[in-house]
>>> print(open('entry.cif').read())   # mmCIF, C-alpha atoms and all ligand atoms
data_entry
#
loop_
_atom_site.label_atom_id
_atom_site.label_comp_id
_atom_site.auth_asym_id
_atom_site.auth_seq_id
_atom_site.Cartn_x
_atom_site.Cartn_y
_atom_site.Cartn_z
CA ILE A 1 62.56 -63.21 109.81
CA PRO A 2 65.63 -64.05 111.91
CA ALA A 3 66.28 -62.22 115.17
CA ALA A 4 68.17 -58.95 114.84
CA LYS A 5 71.96 -59.32 114.73
CA PRO A 6 74.27 -56.31 114.95
CA LEU A 7 75.75 -54.88 111.74
CA PRO A 8 79.33 -55.98 111.06
CA SER A 9 81.84 -53.14 111.45
CA TYR A 10 82.59 -52.65 107.71
CA VAL A 11 78.92 -51.65 107.23
CA SER A 12 78.37 -49.99 110.61
CA TRP A 13 77.33 -46.84 108.71
CA LYS A 14 74.23 -48.59 107.38
CA ASP A 15 70.72 -48.25 108.81
CA ALA A 16 70.39 -51.29 111.08
CA SER A 17 66.62 -50.88 111.40
CA ALA A 18 66.24 -51.30 107.62
CA LEU A 19 68.27 -54.50 107.39
CA ILE A 20 68.21 -58.19 108.24
CA VAL A 21 71.71 -59.48 109.04
CA HIS A 22 71.92 -63.14 107.96
CA SER A 23 75.73 -63.27 108.43
CA SER A 24 78.65 -60.83 108.23
CA GLY A 25 78.65 -61.16 104.43
CA THR A 26 74.91 -61.46 103.78
CA ILE A 27 72.62 -58.60 104.79
CA GLU A 28 69.23 -57.92 103.19
CA THR A 29 66.82 -54.99 103.13
CA ARG A 30 63.57 -55.41 105.06
CA ARG A 31 60.48 -55.42 102.88
CA SER A 32 58.96 -52.65 104.99
CA ALA A 33 62.11 -50.51 104.62
CA PHE A 34 62.01 -49.98 100.84
CA GLY A 35 61.02 -46.41 100.09
CA THR A 36 58.82 -45.33 97.21
CA SER A 37 61.13 -42.94 95.37
CA VAL A 38 62.81 -45.49 93.09
CA ILE A 39 66.40 -45.29 94.33
CA THR A 40 67.60 -47.45 97.22
CA PRO A 41 69.82 -45.36 99.51
CA ALA A 42 73.23 -46.85 100.30
CA GLU A 43 72.30 -47.09 103.99
CA GLN A 44 69.48 -49.50 103.11
CA LEU A 45 71.06 -51.44 100.26
CA TYR A 46 71.74 -55.16 100.75
CA VAL A 47 75.28 -56.54 100.91
CA ARG A 48 76.64 -59.85 99.71
CA ASN A 49 80.31 -60.69 100.12
CA ASN A 50 81.59 -64.11 99.09
CA LEU A 51 84.92 -63.27 100.76
CA PRO A 52 85.76 -60.81 103.55
CA ALA A 53 85.81 -57.27 102.14
CA PRO A 54 89.27 -55.79 101.48
CA ASP A 55 90.85 -53.37 103.92
CA ALA A 56 89.42 -49.83 103.93
CA SER A 57 92.86 -48.54 102.91
CA ILE A 58 91.91 -49.30 99.26
CA VAL A 59 89.49 -46.36 99.28
CA ALA A 60 91.94 -43.96 100.95
CA ASN A 61 93.42 -42.93 97.60
CA ARG A 62 90.76 -43.93 95.11
CA ASP A 63 92.39 -42.48 92.01
CA ALA A 64 95.44 -44.69 92.55
CA TRP A 65 93.41 -47.93 92.20
CA GLU A 66 94.73 -49.93 89.26
CA LEU A 67 92.86 -52.00 86.70
CA GLN A 68 94.68 -54.42 84.44
CA ILE A 69 93.02 -54.87 81.04
CA ASP A 70 93.83 -57.97 78.97
CA GLY A 71 92.46 -59.56 75.83
CA VAL A 72 92.47 -56.24 73.98
CA LYS A 73 94.77 -55.18 71.11
CA ARG A 74 96.89 -53.11 73.51
CA PRO A 75 96.77 -54.61 77.02
CA ALA A 76 97.41 -52.04 79.72
CA THR A 77 97.17 -51.21 83.38
CA LEU A 78 95.35 -47.95 84.04
CA ASN A 79 94.61 -46.26 87.31
CA LEU A 80 91.25 -44.75 88.19
CA LYS A 81 92.44 -41.25 87.44
CA GLN A 82 93.30 -42.33 83.88
CA LEU A 83 90.05 -44.27 83.49
CA LYS A 84 88.05 -41.18 84.42
CA ARG A 85 89.44 -39.39 81.37
CA LEU A 86 88.18 -42.03 78.90
CA GLY A 87 84.43 -41.53 79.20
CA LEU A 88 81.45 -41.12 81.48
CA GLU A 89 78.03 -42.71 81.55
CA THR A 90 75.29 -42.99 84.16
CA VAL A 91 72.87 -45.91 84.35
CA THR A 92 70.14 -46.74 86.82
CA ALA A 93 70.00 -50.49 87.31
CA VAL A 94 68.59 -53.06 89.67
CA LEU A 95 71.32 -54.86 91.57
CA GLN A 96 69.92 -58.21 92.65
CA CYS A 97 71.61 -61.25 94.12
CA SER A 98 71.18 -64.39 92.02
CA GLY A 99 69.78 -66.06 95.12
CA ASN A 100 67.20 -63.40 95.99
CA GLY A 101 63.99 -65.32 96.75
CA ARG A 102 65.89 -68.51 97.65
CA GLY A 103 64.19 -68.47 101.07
CA LEU A 104 60.87 -68.92 99.26
CA PHE A 105 61.86 -72.29 97.74
CA PRO A 106 60.02 -75.00 99.73
CA SER A 107 63.04 -77.29 99.07
CA LYS A 108 65.19 -74.92 101.21
CA PRO A 109 68.34 -75.02 99.04
CA SER A 110 71.56 -74.39 100.96
CA GLY A 111 72.75 -70.78 100.90
CA THR A 112 71.38 -67.58 102.36
CA PRO A 113 67.56 -67.79 102.65
CA TRP A 114 67.03 -64.36 101.08
CA GLN A 115 63.42 -63.23 100.93
CA ILE A 116 62.96 -60.24 98.59
CA GLY A 117 65.52 -57.83 99.98
CA ALA A 118 68.74 -58.92 98.27
CA ALA A 119 68.05 -56.24 95.69
CA GLY A 120 68.02 -52.50 95.22
CA CYS A 121 67.73 -49.89 92.49
CA VAL A 122 70.91 -47.88 92.16
CA VAL A 123 72.32 -45.05 90.01
CA TRP A 124 75.83 -45.95 88.84
CA SER A 125 78.34 -43.64 87.15
CA GLY A 126 81.55 -44.64 85.46
CA VAL A 127 83.38 -45.21 82.23
CA PRO A 128 81.66 -47.36 79.59
CA VAL A 129 83.64 -50.55 78.93
CA ARG A 130 83.24 -49.74 75.22
CA ALA A 131 85.16 -46.48 75.65
CA LEU A 132 87.94 -48.27 77.49
CA ILE A 133 88.23 -50.92 74.78
CA ALA A 134 88.25 -48.30 72.05
CA ALA A 135 91.16 -46.57 73.78
CA LEU A 136 93.07 -49.88 73.81
CA GLY A 137 92.59 -50.73 70.14
CA GLY A 138 89.51 -52.95 70.47
CA VAL A 139 88.91 -56.48 71.74
CA ALA A 140 91.54 -58.98 70.56
CA ASP A 141 90.37 -61.42 67.88
CA GLY A 142 88.45 -64.52 68.84
CA MET A 143 87.35 -63.51 72.33
CA VAL A 144 84.05 -64.92 73.59
CA TYR A 145 83.77 -63.79 77.22
CA MET A 146 84.36 -60.75 79.39
CA THR A 147 85.96 -61.82 82.66
CA GLY A 148 86.23 -59.65 85.78
CA THR A 149 88.36 -60.37 88.84
CA GLY A 150 87.66 -59.10 92.35
CA GLY A 151 90.41 -57.34 94.27
CA GLU A 152 90.20 -59.28 97.53
CA LYS A 153 93.38 -60.61 99.16
CA LEU A 154 93.06 -64.38 98.99
CA PRO A 155 93.82 -66.60 101.98
CA GLU A 156 97.18 -68.32 101.65
CA GLY A 157 97.78 -72.04 101.32
CA ILE A 158 94.69 -72.85 99.30
CA ASP A 159 94.03 -73.04 95.58
CA PRO A 160 93.06 -69.48 94.57
CA LYS A 161 90.50 -70.86 92.10
CA SER A 162 88.53 -72.35 94.97
CA VAL A 163 87.73 -68.97 96.53
CA MET A 164 88.48 -66.12 94.13
CA VAL A 165 85.60 -63.98 92.93
CA GLU A 166 86.10 -64.07 89.17
CA ARG A 167 83.20 -64.23 86.71
CA SER A 168 82.85 -64.52 82.97
CA VAL A 169 79.87 -63.21 81.02
CA PRO A 170 79.13 -63.38 77.28
CA LEU A 171 81.09 -60.81 75.26
CA LYS A 172 77.90 -59.00 74.20
CA ALA A 173 77.44 -57.89 77.83
CA LEU A 174 80.23 -55.37 77.31
CA ASP A 175 77.90 -53.16 75.25
CA GLU A 176 76.09 -51.77 78.28
CA ALA A 177 78.70 -52.47 80.96
CA ILE A 178 80.40 -49.69 82.88
CA LEU A 179 83.25 -49.51 85.34
CA ALA A 180 81.64 -47.48 88.11
CA TRP A 181 83.21 -45.31 90.79
CA GLU A 182 80.06 -43.54 91.90
CA MET A 183 76.81 -44.85 93.40
CA ASN A 184 73.71 -42.69 93.97
CA GLY A 185 75.80 -39.57 93.51
CA ALA A 186 78.50 -40.42 96.04
CA PRO A 187 81.88 -42.15 95.79
CA LEU A 188 81.29 -45.92 95.68
CA PRO A 189 81.46 -47.26 99.26
CA LEU A 190 83.94 -50.05 99.93
CA ALA A 191 81.09 -52.39 100.89
CA HIS A 192 79.63 -51.99 97.40
CA GLY A 193 82.89 -52.39 95.54
CA GLY A 194 84.73 -49.08 95.81
CA PRO A 195 86.96 -47.73 94.42
CA LEU A 196 85.89 -49.42 91.15
CA ARG A 197 83.19 -51.91 90.25
CA LEU A 198 82.01 -53.64 87.11
CA ILE A 199 78.31 -53.02 86.50
CA ILE A 200 76.54 -55.15 83.92
CA PRO A 201 72.98 -53.82 83.75
CA GLY A 202 70.42 -56.62 83.68
CA TYR A 203 72.81 -59.29 84.99
CA THR A 204 72.48 -60.81 88.48
CA GLY A 205 74.56 -59.49 91.38
CA VAL A 206 77.43 -61.96 91.25
CA ASN A 207 78.45 -60.78 87.77
CA ASN A 208 78.97 -57.23 89.07
CA ILE A 209 82.53 -57.59 90.32
CA LYS A 210 83.46 -55.35 93.24
CA TYR A 211 86.91 -53.75 93.71
CA ILE A 212 87.69 -54.99 90.23
CA LYS A 213 91.42 -55.38 89.60
CA ARG A 214 91.41 -57.09 86.20
CA LEU A 215 89.08 -57.00 83.21
CA ALA A 216 89.96 -59.52 80.54
CA PHE A 217 88.47 -60.60 77.25
CA THR A 218 88.91 -64.33 77.07
CA THR A 219 88.22 -67.31 74.84
CA GLU A 220 87.04 -69.46 77.75
CA GLN A 221 85.07 -68.92 80.94
CA THR A 222 87.19 -68.61 84.06
CA GLU A 223 88.15 -71.82 85.85
CA ALA A 224 87.26 -70.23 89.21
CA ASN A 225 84.93 -72.36 91.28
CA ILE A 226 82.39 -69.51 91.52
CA GLN A 227 81.97 -69.81 87.73
CA LYS A 228 82.65 -73.48 87.03
CA HIS A 229 80.46 -74.98 89.74
CA GLY A 230 78.79 -72.07 91.48
CA TYR A 231 75.91 -69.94 90.24
CA ARG A 232 74.50 -72.45 87.77
CA ILE A 233 70.93 -73.58 87.18
CA SER A 234 71.53 -77.21 88.14
CA PRO A 235 68.89 -79.87 88.63
CA PRO A 236 67.96 -80.33 92.33
CA GLY A 237 70.45 -82.57 94.09
CA GLN A 238 73.21 -82.05 91.53
CA LYS A 239 76.46 -80.17 91.86
CA GLY A 240 76.76 -77.32 89.35
CA ASP A 241 78.98 -77.97 86.35
CA PRO A 242 79.73 -76.17 83.08
CA THR A 243 76.99 -78.04 81.19
CA HIS A 244 74.36 -76.26 83.35
CA PRO A 245 73.39 -72.69 82.40
CA SER A 246 75.30 -69.98 84.24
CA VAL A 247 73.31 -67.40 86.20
CA TRP A 248 73.68 -64.32 84.02
CA GLU A 249 70.64 -62.38 82.78
CA MET A 250 67.86 -61.43 85.19
CA ASN A 251 64.25 -62.17 84.42
CA VAL A 252 61.00 -60.21 84.80
CA LYS A 253 59.98 -59.92 88.44
CA SER A 254 57.92 -57.95 90.94
CA TRP A 255 56.99 -58.11 94.59
CA ILE A 256 54.86 -56.26 97.10
CA ASN A 257 56.50 -54.09 99.75
CA SER A 258 53.33 -52.79 101.41
CA PRO A 259 51.26 -53.86 103.20
CA ALA A 260 54.06 -55.97 104.65
CA PRO A 261 53.01 -58.64 107.14
CA GLU A 262 56.05 -57.74 109.26
CA ALA A 263 54.75 -54.17 109.64
CA GLY A 264 51.78 -55.38 111.72
CA GLU A 265 48.02 -55.48 111.34
CA VAL A 266 46.34 -54.06 108.26
CA PRO A 267 43.22 -52.07 109.18
CA ALA A 268 40.08 -52.72 107.11
CA GLY A 269 39.08 -50.10 104.55
CA ASP A 270 41.15 -48.26 101.97
CA THR A 271 44.53 -49.89 101.39
CA LEU A 272 47.32 -48.95 99.01
CA ILE A 273 49.13 -51.98 97.71
CA GLN A 274 52.68 -50.95 96.73
CA GLY A 275 55.62 -52.75 95.25
CA VAL A 276 58.41 -52.79 92.70
CA ALA A 277 58.59 -54.34 89.24
CA PHE A 278 61.44 -54.72 86.77
CA GLY A 279 62.11 -56.53 83.54
CA GLY A 280 65.72 -57.66 83.93
CA MET A 281 67.01 -57.21 80.38
CA HIS A 282 63.95 -55.37 79.04
CA ALA A 283 61.83 -52.54 80.38
CA VAL A 284 58.90 -53.56 82.54
CA LYS A 285 55.66 -52.67 80.79
CA THR A 286 52.77 -53.57 83.08
CA VAL A 287 52.12 -55.04 86.49
CA GLU A 288 48.93 -56.59 87.81
CA VAL A 289 47.86 -57.16 91.39
CA SER A 290 45.61 -59.86 92.84
CA VAL A 291 44.05 -59.92 96.30
CA ASP A 292 42.61 -63.42 95.87
CA GLY A 293 45.78 -65.45 95.38
CA GLY A 294 45.88 -65.08 91.61
CA LYS A 295 42.24 -65.89 90.72
CA SER A 296 41.63 -62.36 89.45
CA TRP A 297 44.00 -59.54 88.55
CA LYS A 298 43.78 -55.76 88.29
CA ALA A 299 46.24 -53.46 86.51
CA ALA A 300 48.36 -51.46 88.96
CA ARG A 301 49.64 -47.96 88.19
CA PHE A 302 53.31 -47.07 87.95
CA ILE A 303 54.30 -44.08 90.03
CA GLY A 304 57.36 -41.85 89.93
CA PRO A 305 60.02 -41.38 87.26
CA ASP A 306 60.98 -43.97 84.66
CA MET A 307 64.73 -44.34 85.15
CA GLY A 308 65.24 -46.55 82.10
CA LYS A 309 64.89 -50.18 81.19
CA TYR A 310 67.29 -51.58 83.79
CA ALA A 311 65.68 -49.73 86.72
CA TRP A 312 62.68 -50.91 88.67
CA ARG A 313 59.42 -49.04 88.82
CA GLN A 314 57.24 -48.51 91.83
CA PHE A 315 53.61 -49.46 91.44
CA VAL A 316 50.46 -48.86 93.42
CA LEU A 317 46.91 -50.20 93.43
CA ALA A 318 44.20 -48.76 95.69
CA VAL A 319 41.81 -51.40 97.04
CA ARG A 320 39.13 -51.62 99.74
CA LEU A 321 39.57 -54.60 101.97
CA ASP A 322 37.08 -55.92 104.51
CA ALA A 323 38.33 -57.82 107.54
CA GLY A 324 39.63 -61.27 106.61
CA ASN A 325 42.63 -63.13 105.28
CA TYR A 326 43.99 -62.29 101.85
CA THR A 327 46.68 -63.63 99.57
CA ILE A 328 48.05 -60.65 97.68
CA ALA A 329 50.21 -61.20 94.62
CA CYS A 330 51.67 -59.23 91.76
CA ARG A 331 52.74 -60.20 88.26
CA ALA A 332 54.88 -58.11 85.92
CA THR A 333 55.13 -58.20 82.11
CA ASP A 334 58.10 -56.80 80.18
CA SER A 335 58.19 -54.89 76.90
CA GLN A 336 58.76 -58.17 75.02
CA GLY A 337 55.53 -59.65 76.41
CA GLN A 338 57.34 -61.97 78.81
CA VAL A 339 55.14 -62.55 81.86
CA GLN A 340 56.41 -63.29 85.35
CA PRO A 341 55.62 -67.01 85.74
CA GLU A 342 53.47 -68.65 88.39
CA ALA A 343 56.08 -71.31 89.17
CA ARG A 344 59.77 -71.07 90.00
CA VAL A 345 62.32 -73.09 88.01
CA GLU A 346 63.50 -75.70 90.51
CA ASN A 347 67.28 -75.70 90.82
CA ALA A 348 69.83 -76.87 93.35
CA GLY A 349 71.18 -73.42 94.20
CA GLY A 350 67.85 -71.69 94.62
CA TYR A 351 68.66 -69.09 91.95
CA ASN A 352 66.52 -66.77 89.82
CA ASN A 353 63.25 -67.17 91.71
CA ASN A 354 60.71 -64.95 89.99
CA SER A 355 57.58 -67.01 90.71
CA TRP A 356 54.67 -64.70 91.49
CA LYS A 357 53.12 -67.43 93.60
CA ASP A 358 56.19 -67.80 95.81
CA HIS A 359 56.23 -64.04 96.26
CA ALA A 360 52.55 -63.76 97.24
CA LEU A 361 51.89 -62.43 100.76
CA GLN A 362 49.37 -63.54 103.36
CA ILE A 363 47.85 -60.54 105.07
CA ASN A 364 45.37 -60.39 107.90
CA VAL A 365 42.99 -57.44 107.66
CA VAL A 366 41.27 -56.54 110.93
N1 LIG A 401 82.57 -58.92 93.91
C1 LIG A 401 83.60 -59.28 94.69
N2 LIG A 401 84.83 -58.81 94.40
N3 LIG A 401 83.45 -60.05 95.79
C2 LIG A 401 82.21 -60.58 96.11
O1 LIG A 401 82.12 -61.30 97.10
N4 LIG A 401 79.85 -60.78 95.53
C3 LIG A 401 78.95 -60.74 94.43
C4 LIG A 401 78.96 -59.39 93.71
N5 LIG A 401 80.30 -58.97 93.40
C5 LIG A 401 81.11 -60.26 95.29
C6 LIG A 401 81.34 -59.38 94.19
C7 LIG A 401 77.54 -61.07 94.77
S1 LIG A 401 77.09 -62.72 94.86
C8 LIG A 401 76.55 -60.12 94.84
S2 LIG A 401 74.91 -60.54 94.98
C9 LIG A 401 76.90 -58.67 94.68
O2 LIG A 401 78.29 -58.45 94.54
C10 LIG A 401 76.40 -57.91 95.92
O3 LIG A 401 76.69 -56.56 95.78
P1 LIG A 401 76.49 -55.56 97.02
O4 LIG A 401 77.01 -54.27 96.58
O5 LIG A 401 74.99 -55.47 97.30
O6 LIG A 401 77.17 -56.14 98.22
MO1 LIG A 401 74.80 -62.78 94.75
O7 LIG A 401 74.45 -63.11 93.03
#
>>> encode(input="entry.cif", output="C-alpha cells", more="lines below")
Ligand code: MSS
Amino acid sequence: IPAAKPLPSYVSWKDASALIVHSSGTIETRRSAFGTSVITPAEQLYVRNNLPAPDASIVANRDAWELQIDGVKRPATLNLKQLKRLGLETVTAVLQCSGNGRGLFPSKPSGTPWQIGAAGCVVWSGVPVRALIAALGGVADGMVYMTGTGGEKLPEGIDPKSVMVERSVPLKALDEAILAWEMNGAPLPLAHGGPLRLIIPGYTGVNNIKYIKRLAFTTEQTEANIQKHGYRISPPGQKGDPTHPSVWEMNVKSWINSPAPEAGEVPAGDTLIQGVAFGGMHAVKTVEVSVDGGKSWKAARFIGPDMGKYAWRQFVLAVRLDAGNYTIACRATDSQGQVQPEARVENAGGYNNNSWKDHALQINVV
C-alpha cells in the first residue's frame, strides 16, 4: 500500500481515510473501508480518469447538457431536460475498472497497480437507452456497435484519436444500458461522470462513458486508441490490436474485505470473514471461503438485500481461528454455474483478474 497522498482538488469532497491515491486520476478504495450495507457511498468510491476531468462548470446547469444521438432513424441532439421526459429506470450495478486486481499479477503489467478497490456497488438512475432509441425511430439498419464519447476537452495539437475516451460495445449491450444522471440518490458528481453518464450493467468501468456527449450506433468499432489498442486481452509482451478480445463483459469474482491485513492484528478466537461477490453478467449464486489456501472450502452466507443480478452481495462466514498464519480465500459461482477460477488469464494489460488465488489474503492470528 503506497504512502498516503493528498486527494486532488476535484475530489476533495471524498473521504481521504477510505482511499488510496495512486495518482490524480487513479484513486482506489481501501479494503478495510468497504462497508457491509451493499452500496458504496460516493465519498468512498474509486475514481479513474484517463484524461483530466472537465471543468466543474458543466454541472452548474445540468439540464442544459446536450447529448448527440447518431445511427438511429432520426438523429437528434437532446438536452438532459428532454432526456428526463423519455423514461426512467434504476439499476444497482458494480462499477469495476478493467484493471482492478492488476497489482496482483506477478508480472507487474504497466498501469495502475490496483488491488481490489477499483470497484464499488452503485445505484444508478436514468433513461433507458431503449426508450431513447424508440423515441428516435429505432436503431438505423445494419448497426453492430453502440459507441459512446466522453465530453472532455481534448488537448490541442495532437490527434484526437490518440487520447479521446470513446468506446464501442456490442449492440446487444443497449438492452440494459441507461443514461444516468443520478448516483446513490443524488445528482451524479462530476468526478463520476455528471451531468450524464452511460451505464452498461455488467461491463467493465471503461465502457461506462462519463460526461457523455455523443451516443452513436455504428457499423464499426471506434478508431480511438483506447478501443483499438487499449483495453484488450493481449498476450504478454504484445501491444493490443483489434484481433485481441476487447475488455467488455465482467466475470464472476469475489474478495475478502475483513479481516484485512492492513487493519492490523487478528486476535485468536471467533472471527467473521466478510467480503463481496458478484457475477458480472449473471447473478452470483454461491460463495465459498477457505482458511487453508484453497485446500478445503465452506459455504459462506449472503447477508443484506439482493439488489439484482448486476449488484454485488456481501457474504460472511464465522470461523474460530487459533494463533497462526492463514491463507484465506473466497470463490464465487454465478447462476450459470461459472466458478471463479484459480488462475488469472495472463495478459499484457493486466485486465480482468478474477483469480481466487491471487485474491487470497495472508493473515496473522495472534
Ligand atoms: N469516461 C470518460 N469520459 N473519461 C474517462 O477517463 N474512464 C473510464 C470510465 N469512463 C473514463 C470514462 C474508466 S477506465 C473507468 S474504470 C471508469 O470510468 C471509472 O469510473 P469512476 O466513476 O469510478 O471514476 Mo478502468 O476500466
>>> residues_around(input="entry.cif", residues="Phe217 (chain A)", least_positions_apart="2", cutoff="12 Å", atoms="all atoms listed in the file", output="PyMOL selection string")
chain A and resi 68-75+129+133+138-149+167-174+214-215+219-222
>>> closest_atom_pairs(input="entry.cif", of="region 134-224 of chain A", to="region 342-355 of chain A", cutoff="12 Å", atoms="only C-alpha atoms", output="CSV")
residue,atom,partner,partner_atom,distance
A:Tyr203,CA,A:Asn352,CA,10.9
A:Thr204,CA,A:Asn352,CA,8.5
A:Gly205,CA,A:Asn352,CA,11.0
A:Val206,CA,A:Tyr351,CA,11.3
>>> write_last_selection(input="entry.cif", atoms="C-alpha atoms", output="PDB file, keeping the file's coordinate frame")
ATOM      1  CA  TYR A 203      72.810 -59.290  84.990  1.00  0.00           C
ATOM      2  CA  THR A 204      72.480 -60.810  88.480  1.00  0.00           C
ATOM      3  CA  GLY A 205      74.560 -59.490  91.380  1.00  0.00           C
ATOM      4  CA  VAL A 206      77.430 -61.960  91.250  1.00  0.00           C
TER       5      VAL A 206
END
>>> residues_near_ligand(input="entry.cif", ligand="ligand LIG 401 (chain A)", cutoff="9 Å", atoms="all atoms listed in the file", output="ChimeraX atom specification")
/A:25-28,45-54,95-100,118-120,148-152,164-167,189-193,197-198,204-213,231,247,351
>>> closest_residue(input="entry.cif", among="A:Asp63, A:Glu223, A:Glu182, A:Glu288", to="Gln274 (chain A)", atoms="all atoms listed in the file")
A:Glu288
>>> closest_residue(input="entry.cif", among="A:Pro305, A:Gly324, A:Pro160, A:Gly293", to="Pro267 (chain A)", atoms="only C-alpha atoms")
A:Gly324
>>> closest_residue(input="entry.cif", among="A:Cys330, A:Ile273, A:Ala18, A:Val316", to="Trp297 (chain A)", atoms="all atoms listed in the file")
A:Cys330
>>> residues_around(input="entry.cif", residues="Lys253 (chain A)", least_positions_apart="2", cutoff="9 Å", atoms="all atoms listed in the file", output="PyMOL selection string")
chain A and resi 250-251+255+276-280+284+330-333+339-341+353-356
>>> atom_distance(input="entry.cif", atom1="CA of Gly194 (chain A)", atom2="CA of Val59 (chain A)")
6.5 Å
>>> atom_distance(input="entry.cif", atom1="CA of Val291 (chain A)", atom2="CA of Leu321 (chain A)")
9.0 Å
>>> closest_residue(input="entry.cif", among="A:Ala76, A:Ala135, A:Ile226, A:Ile303", to="Ser37 (chain A)", atoms="all atoms listed in the file")
A:Ile303
>>> closest_residue(input="entry.cif", among="A:Gln314, A:Ser110, A:Ser258, A:Thr286", to="Gln336 (chain A)", atoms="only C-alpha atoms")
A:Thr286
>>> closest_residue(input="entry.cif", among="A:Leu154, A:Leu80, A:Ala56, A:Ala360", to="Gly294 (chain A)", atoms="only C-alpha atoms")
A:Ala360
>>> atom_distance(input="entry.cif", atom1="CA of Asn61 (chain A)", atom2="CA of Ser24 (chain A)")
25.5 Å
>>> axis_aligned_box(input="entry.cif", around="region 299-306 of chain A", padding_each_side="6 Å", output="lines of an AutoDock Vina configuration file")
center_x = 53.6
center_y = -47.4
center_z = 87.3
size_x = 26.7
size_y = 24.1
size_z = 17.4
>>> decode(input="entry.cif", residues="region 323-344 of chain A", atoms="N, CA and C atoms", output="PDB file, in the first residue's frame")
ATOM      1  N   ALA A 323      -4.133 -19.105  17.080  1.00  0.00           N
ATOM      2  CA  ALA A 323      -2.975 -18.316  16.654  1.00  0.00           C
ATOM      3  C   ALA A 323      -2.236 -19.052  15.535  1.00  0.00           C
ATOM      4  N   GLY A 324      -1.739 -18.296  14.576  1.00  0.00           N
ATOM      5  CA  GLY A 324      -1.004 -18.908  13.462  1.00  0.00           C
ATOM      6  C   GLY A 324      -1.186 -18.086  12.190  1.00  0.00           C
ATOM      7  N   ASN A 325      -0.567 -18.573  11.127  1.00  0.00           N
ATOM      8  CA  ASN A 325      -0.692 -17.902   9.834  1.00  0.00           C
ATOM      9  C   ASN A 325      -1.700 -18.626   8.973  1.00  0.00           C
ATOM     10  N   TYR A 326      -2.564 -17.853   8.335  1.00  0.00           N
ATOM     11  CA  TYR A 326      -3.608 -18.438   7.487  1.00  0.00           C
ATOM     12  C   TYR A 326      -3.610 -17.784   6.115  1.00  0.00           C
ATOM     13  N   THR A 327      -3.989 -18.573   5.119  1.00  0.00           N
ATOM     14  CA  THR A 327      -4.262 -18.018   3.797  1.00  0.00           C
ATOM     15  C   THR A 327      -5.758 -18.132   3.585  1.00  0.00           C
ATOM     16  N   ILE A 328      -6.435 -16.985   3.616  1.00  0.00           N
ATOM     17  CA  ILE A 328      -7.893 -17.029   3.463  1.00  0.00           C
ATOM     18  C   ILE A 328      -8.272 -16.627   2.036  1.00  0.00           C
ATOM     19  N   ALA A 329      -9.194 -17.394   1.481  1.00  0.00           N
ATOM     20  CA  ALA A 329      -9.584 -17.193   0.079  1.00  0.00           C
ATOM     21  C   ALA A 329     -11.093 -17.318  -0.042  1.00  0.00           C
ATOM     22  N   CYS A 330     -11.623 -16.790  -1.141  1.00  0.00           N
ATOM     23  CA  CYS A 330     -13.046 -16.978  -1.407  1.00  0.00           C
ATOM     24  C   CYS A 330     -13.231 -17.228  -2.892  1.00  0.00           C
ATOM     25  N   ARG A 331     -14.316 -17.901  -3.206  1.00  0.00           N
ATOM     26  CA  ARG A 331     -14.553 -18.359  -4.583  1.00  0.00           C
ATOM     27  C   ARG A 331     -16.052 -18.299  -4.856  1.00  0.00           C
ATOM     28  N   ALA A 332     -16.435 -17.487  -5.822  1.00  0.00           N
ATOM     29  CA  ALA A 332     -17.860 -17.294  -6.132  1.00  0.00           C
ATOM     30  C   ALA A 332     -18.276 -18.148  -7.324  1.00  0.00           C
ATOM     31  N   THR A 333     -19.567 -18.477  -7.369  1.00  0.00           N
ATOM     32  CA  THR A 333     -20.166 -19.194  -8.507  1.00  0.00           C
ATOM     33  C   THR A 333     -21.404 -18.419  -8.932  1.00  0.00           C
ATOM     34  N   ASP A 334     -21.587 -18.242 -10.244  1.00  0.00           N
ATOM     35  CA  ASP A 334     -22.767 -17.491 -10.701  1.00  0.00           C
ATOM     36  C   ASP A 334     -23.932 -18.424 -11.020  1.00  0.00           C
ATOM     37  N   SER A 335     -25.057 -17.819 -11.383  1.00  0.00           N
ATOM     38  CA  SER A 335     -26.289 -18.593 -11.603  1.00  0.00           C
ATOM     39  C   SER A 335     -26.174 -19.541 -12.793  1.00  0.00           C
ATOM     40  N   GLN A 336     -25.160 -19.327 -13.647  1.00  0.00           N
ATOM     41  CA  GLN A 336     -24.951 -20.225 -14.792  1.00  0.00           C
ATOM     42  C   GLN A 336     -23.992 -21.370 -14.445  1.00  0.00           C
ATOM     43  N   GLY A 337     -23.531 -21.400 -13.192  1.00  0.00           N
ATOM     44  CA  GLY A 337     -22.589 -22.445 -12.783  1.00  0.00           C
ATOM     45  C   GLY A 337     -21.135 -22.099 -13.092  1.00  0.00           C
ATOM     46  N   GLN A 338     -20.879 -20.881 -13.527  1.00  0.00           N
ATOM     47  CA  GLN A 338     -19.496 -20.484 -13.788  1.00  0.00           C
ATOM     48  C   GLN A 338     -18.804 -20.179 -12.460  1.00  0.00           C
ATOM     49  N   VAL A 339     -17.650 -20.822 -12.259  1.00  0.00           N
ATOM     50  CA  VAL A 339     -16.931 -20.719 -10.994  1.00  0.00           C
ATOM     51  C   VAL A 339     -15.726 -19.797 -11.166  1.00  0.00           C
ATOM     52  N   GLN A 340     -15.523 -18.950 -10.175  1.00  0.00           N
ATOM     53  CA  GLN A 340     -14.337 -18.080 -10.181  1.00  0.00           C
ATOM     54  C   GLN A 340     -13.095 -18.976 -10.260  1.00  0.00           C
ATOM     55  N   PRO A 341     -12.233 -18.756 -11.242  1.00  0.00           N
ATOM     56  CA  PRO A 341     -11.108 -19.672 -11.463  1.00  0.00           C
ATOM     57  C   PRO A 341      -9.965 -19.486 -10.468  1.00  0.00           C
ATOM     58  N   GLU A 342      -9.149 -20.516 -10.362  1.00  0.00           N
ATOM     59  CA  GLU A 342      -7.964 -20.430  -9.500  1.00  0.00           C
ATOM     60  C   GLU A 342      -6.925 -19.487 -10.121  1.00  0.00           C
ATOM     61  N   ALA A 343      -6.758 -19.590 -11.438  1.00  0.00           N
ATOM     62  CA  ALA A 343      -5.690 -18.832 -12.106  1.00  0.00           C
ATOM     63  C   ALA A 343      -6.232 -17.648 -12.890  1.00  0.00           C
ATOM     64  N   ARG A 344      -5.453 -16.594 -12.949  1.00  0.00           N
ATOM     65  CA  ARG A 344      -5.762 -15.441 -13.794  1.00  0.00           C
ATOM     66  C   ARG A 344      -5.483 -15.816 -15.248  1.00  0.00           C
TER      67      ARG A 344
END
